[in-house]
Amino acid sequence: SEENFKEDTRQIADLLKVITDVADRSNLILDPDLDSYYLMDLVVTRLPALTEQIGQARGLGVAVGSNKMIKPYDAFFLSSLIGVIIQARENVLYDFDVMFRENPSLRPRLEALLDQSIETTDAFLHVLKERVLSAGEIVVQPKEYWETASTATTANFRLYDAASTALDEVLQKRIDRLSEKKAFVLFFTLVVILIVIYLVAAFYLAVMRMIAAIERVSKRIAAGQAD
C-alpha cells in the first residue's frame, strides 16, 4: 500500500542517515588517500543512494502497474526518480574512475561487478522510460517490472559488498603500514638512545681516565718536589 511504501522509504532514509553519521564520527570523510576516500564515498553514500532510488522506483511502479494507466502525480514522481537514478549512476561511475586510477589493483576484482551494476540499472531505466512512462499506458507486466528492478538492486548490492570488502582491506593495509612504520621509528629511536648512552659512557670513562692520569702525574710531581 501507499502507506507501507512511505514507511519503508522513511525507515531506509533513517538507515542511510545512520550510515552517514557513523562515517562522519569515524573520520573516514577526512581520509587523505584518494583510493580509500572514494571507496568510502561509494560504500557510505553513492551505492546505497543508487540502490534505494531504484528500490523506490520499483515499489512505486509495481503499485501503479496494476491499473495499466499511470496518474499524473505518479508519472511526475517516476520521471523525477529517473533523473535522480541517472545522476546517482554517474556519481558511482565517477567515484570508480578516480579509485581505479589511484589504485589499479582494485580494477580486476570490481570492474566486472561495476559493469553488471550499470548494465542492469540501464536496463531498468529503459523499461521504466519506454514501457511505463512513454507508452501512454503501462505495457509491462508488474512481475517483469519487479524482476528487472530487482536484478538491478541485486547487482548493486553485490557491488556494494565487494566495495565494502575492498575498503576494509585497503584500510587494513594502511594500518599495517603505519604499524610497521611505528615499529621502525621505535626501533630507530631505541638504537639512537643506545648510541647516546654508549657515547656518554665512553666520554665519562675517557674523562675519568684523564682525571686519573692527571692525578698520577700530580702525585709524581709532588713526590719529586718532596725529594
# chains A, B, ... in the order shown; residues from 1 in each chain; ligands from 1
>>> residues_around(residues="Asn91 of chain A", least_positions_apart="2", cutoff="10 Å", atoms="only C-alpha atoms", output="ChimeraX atom specification")
/A:41-42,45-47,50,85-89,93-97
>>> write_last_selection(atoms="N, CA and C atoms", output="PDB file, in the first residue's frame")
ATOM      1  N   ASP A  41      33.321   6.768  -0.079  1.00  0.00           N
ATOM      2  CA  ASP A  41      32.184   7.516  -0.611  1.00  0.00           C
ATOM      3  C   ASP A  41      31.193   6.583  -1.299  1.00  0.00           C
ATOM      4  N   LEU A  42      31.710   5.595  -2.012  1.00  0.00           N
ATOM      5  CA  LEU A  42      30.839   4.612  -2.668  1.00  0.00           C
ATOM      6  C   LEU A  42      30.052   3.796  -1.648  1.00  0.00           C
ATOM      7  N   THR A  45      27.805   6.506   0.656  1.00  0.00           N
ATOM      8  CA  THR A  45      26.861   7.425   0.030  1.00  0.00           C
ATOM      9  C   THR A  45      26.332   6.936  -1.320  1.00  0.00           C
ATOM     10  N   ARG A  46      27.237   6.726  -2.273  1.00  0.00           N
ATOM     11  CA  ARG A  46      26.812   6.573  -3.665  1.00  0.00           C
ATOM     12  C   ARG A  46      26.000   5.302  -3.930  1.00  0.00           C
ATOM     13  N   LEU A  47      26.545   4.148  -3.558  1.00  0.00           N
ATOM     14  CA  LEU A  47      25.846   2.894  -3.861  1.00  0.00           C
ATOM     15  C   LEU A  47      24.552   2.723  -3.052  1.00  0.00           C
ATOM     16  N   LEU A  50      21.959   4.967  -4.818  1.00  0.00           N
ATOM     17  CA  LEU A  50      21.518   4.424  -6.100  1.00  0.00           C
ATOM     18  C   LEU A  50      20.567   3.253  -5.901  1.00  0.00           C
ATOM     19  N   ILE A  85      18.173   8.738 -10.504  1.00  0.00           N
ATOM     20  CA  ILE A  85      18.920   7.487 -10.698  1.00  0.00           C
ATOM     21  C   ILE A  85      20.057   7.687 -11.692  1.00  0.00           C
ATOM     22  N   ILE A  86      19.790   8.415 -12.767  1.00  0.00           N
ATOM     23  CA  ILE A  86      20.840   8.671 -13.761  1.00  0.00           C
ATOM     24  C   ILE A  86      21.999   9.439 -13.116  1.00  0.00           C
ATOM     25  N   GLN A  87      21.679  10.451 -12.308  1.00  0.00           N
ATOM     26  CA  GLN A  87      22.735  11.214 -11.641  1.00  0.00           C
ATOM     27  C   GLN A  87      23.491  10.343 -10.636  1.00  0.00           C
ATOM     28  N   ALA A  88      22.756   9.496  -9.922  1.00  0.00           N
ATOM     29  CA  ALA A  88      23.404   8.595  -8.964  1.00  0.00           C
ATOM     30  C   ALA A  88      24.329   7.620  -9.684  1.00  0.00           C
ATOM     31  N   ARG A  89      23.898   7.117 -10.835  1.00  0.00           N
ATOM     32  CA  ARG A  89      24.743   6.220 -11.625  1.00  0.00           C
ATOM     33  C   ARG A  89      26.018   6.927 -12.073  1.00  0.00           C
ATOM     34  N   LEU A  93      29.955   6.002 -11.233  1.00  0.00           N
ATOM     35  CA  LEU A  93      30.977   5.850 -12.265  1.00  0.00           C
ATOM     36  C   LEU A  93      32.167   6.773 -12.009  1.00  0.00           C
ATOM     37  N   TYR A  94      31.882   8.002 -11.607  1.00  0.00           N
ATOM     38  CA  TYR A  94      32.968   8.953 -11.346  1.00  0.00           C
ATOM     39  C   TYR A  94      33.852   8.461 -10.198  1.00  0.00           C
ATOM     40  N   ASP A  95      33.220   8.020  -9.115  1.00  0.00           N
ATOM     41  CA  ASP A  95      33.999   7.540  -7.970  1.00  0.00           C
ATOM     42  C   ASP A  95      34.870   6.357  -8.363  1.00  0.00           C
ATOM     43  N   PHE A  96      34.303   5.435  -9.141  1.00  0.00           N
ATOM     44  CA  PHE A  96      35.088   4.270  -9.549  1.00  0.00           C
ATOM     45  C   PHE A  96      36.227   4.679 -10.487  1.00  0.00           C
ATOM     46  N   ASP A  97      35.985   5.625 -11.375  1.00  0.00           N
ATOM     47  CA  ASP A  97      37.048   6.084 -12.275  1.00  0.00           C
ATOM     48  C   ASP A  97      38.241   6.618 -11.486  1.00  0.00           C
TER      49      ASP A  97
END
>>> residues_around(residues="segment 114-127 of chain A", least_positions_apart="2", cutoff="8 Å", atoms="only C-alpha atoms", output="PyMOL selection string")
chain A and resi 54+82+89+110-112+129-132+140+145+148-149+151-153+155-156+159
>>> select_by_dssp(residues="segment 31-142 of chain A", states="helix (DSSP H, G or I)", output="ChimeraX atom specification")
/A:34-65,72-102,104-133,142
>>> atom_distance(atom1="atom CA of Pro48 of chain A", atom2="atom CA of Phe157 of chain A")
8.4 Å
>>> closest_residue(among="A:Gly55, A:Gly83, A:Ala201, A:Val43", to="Arg158 of chain A", atoms="only C-alpha atoms")
A:Val43
>>> closest_residue(among="A:Leu133, A:Glu52, A:Val191, A:Ile214", to="Pro72 of chain A", atoms="only C-alpha atoms")
A:Leu133
>>> atom_distance(atom1="atom CA of Glu90 of chain A", atom2="atom CA of Thr51 of chain A")
13.3 Å
>>> atom_distance(atom1="atom CA of Lys143 of chain A", atom2="atom CA of Val62 of chain A")
8.0 Å
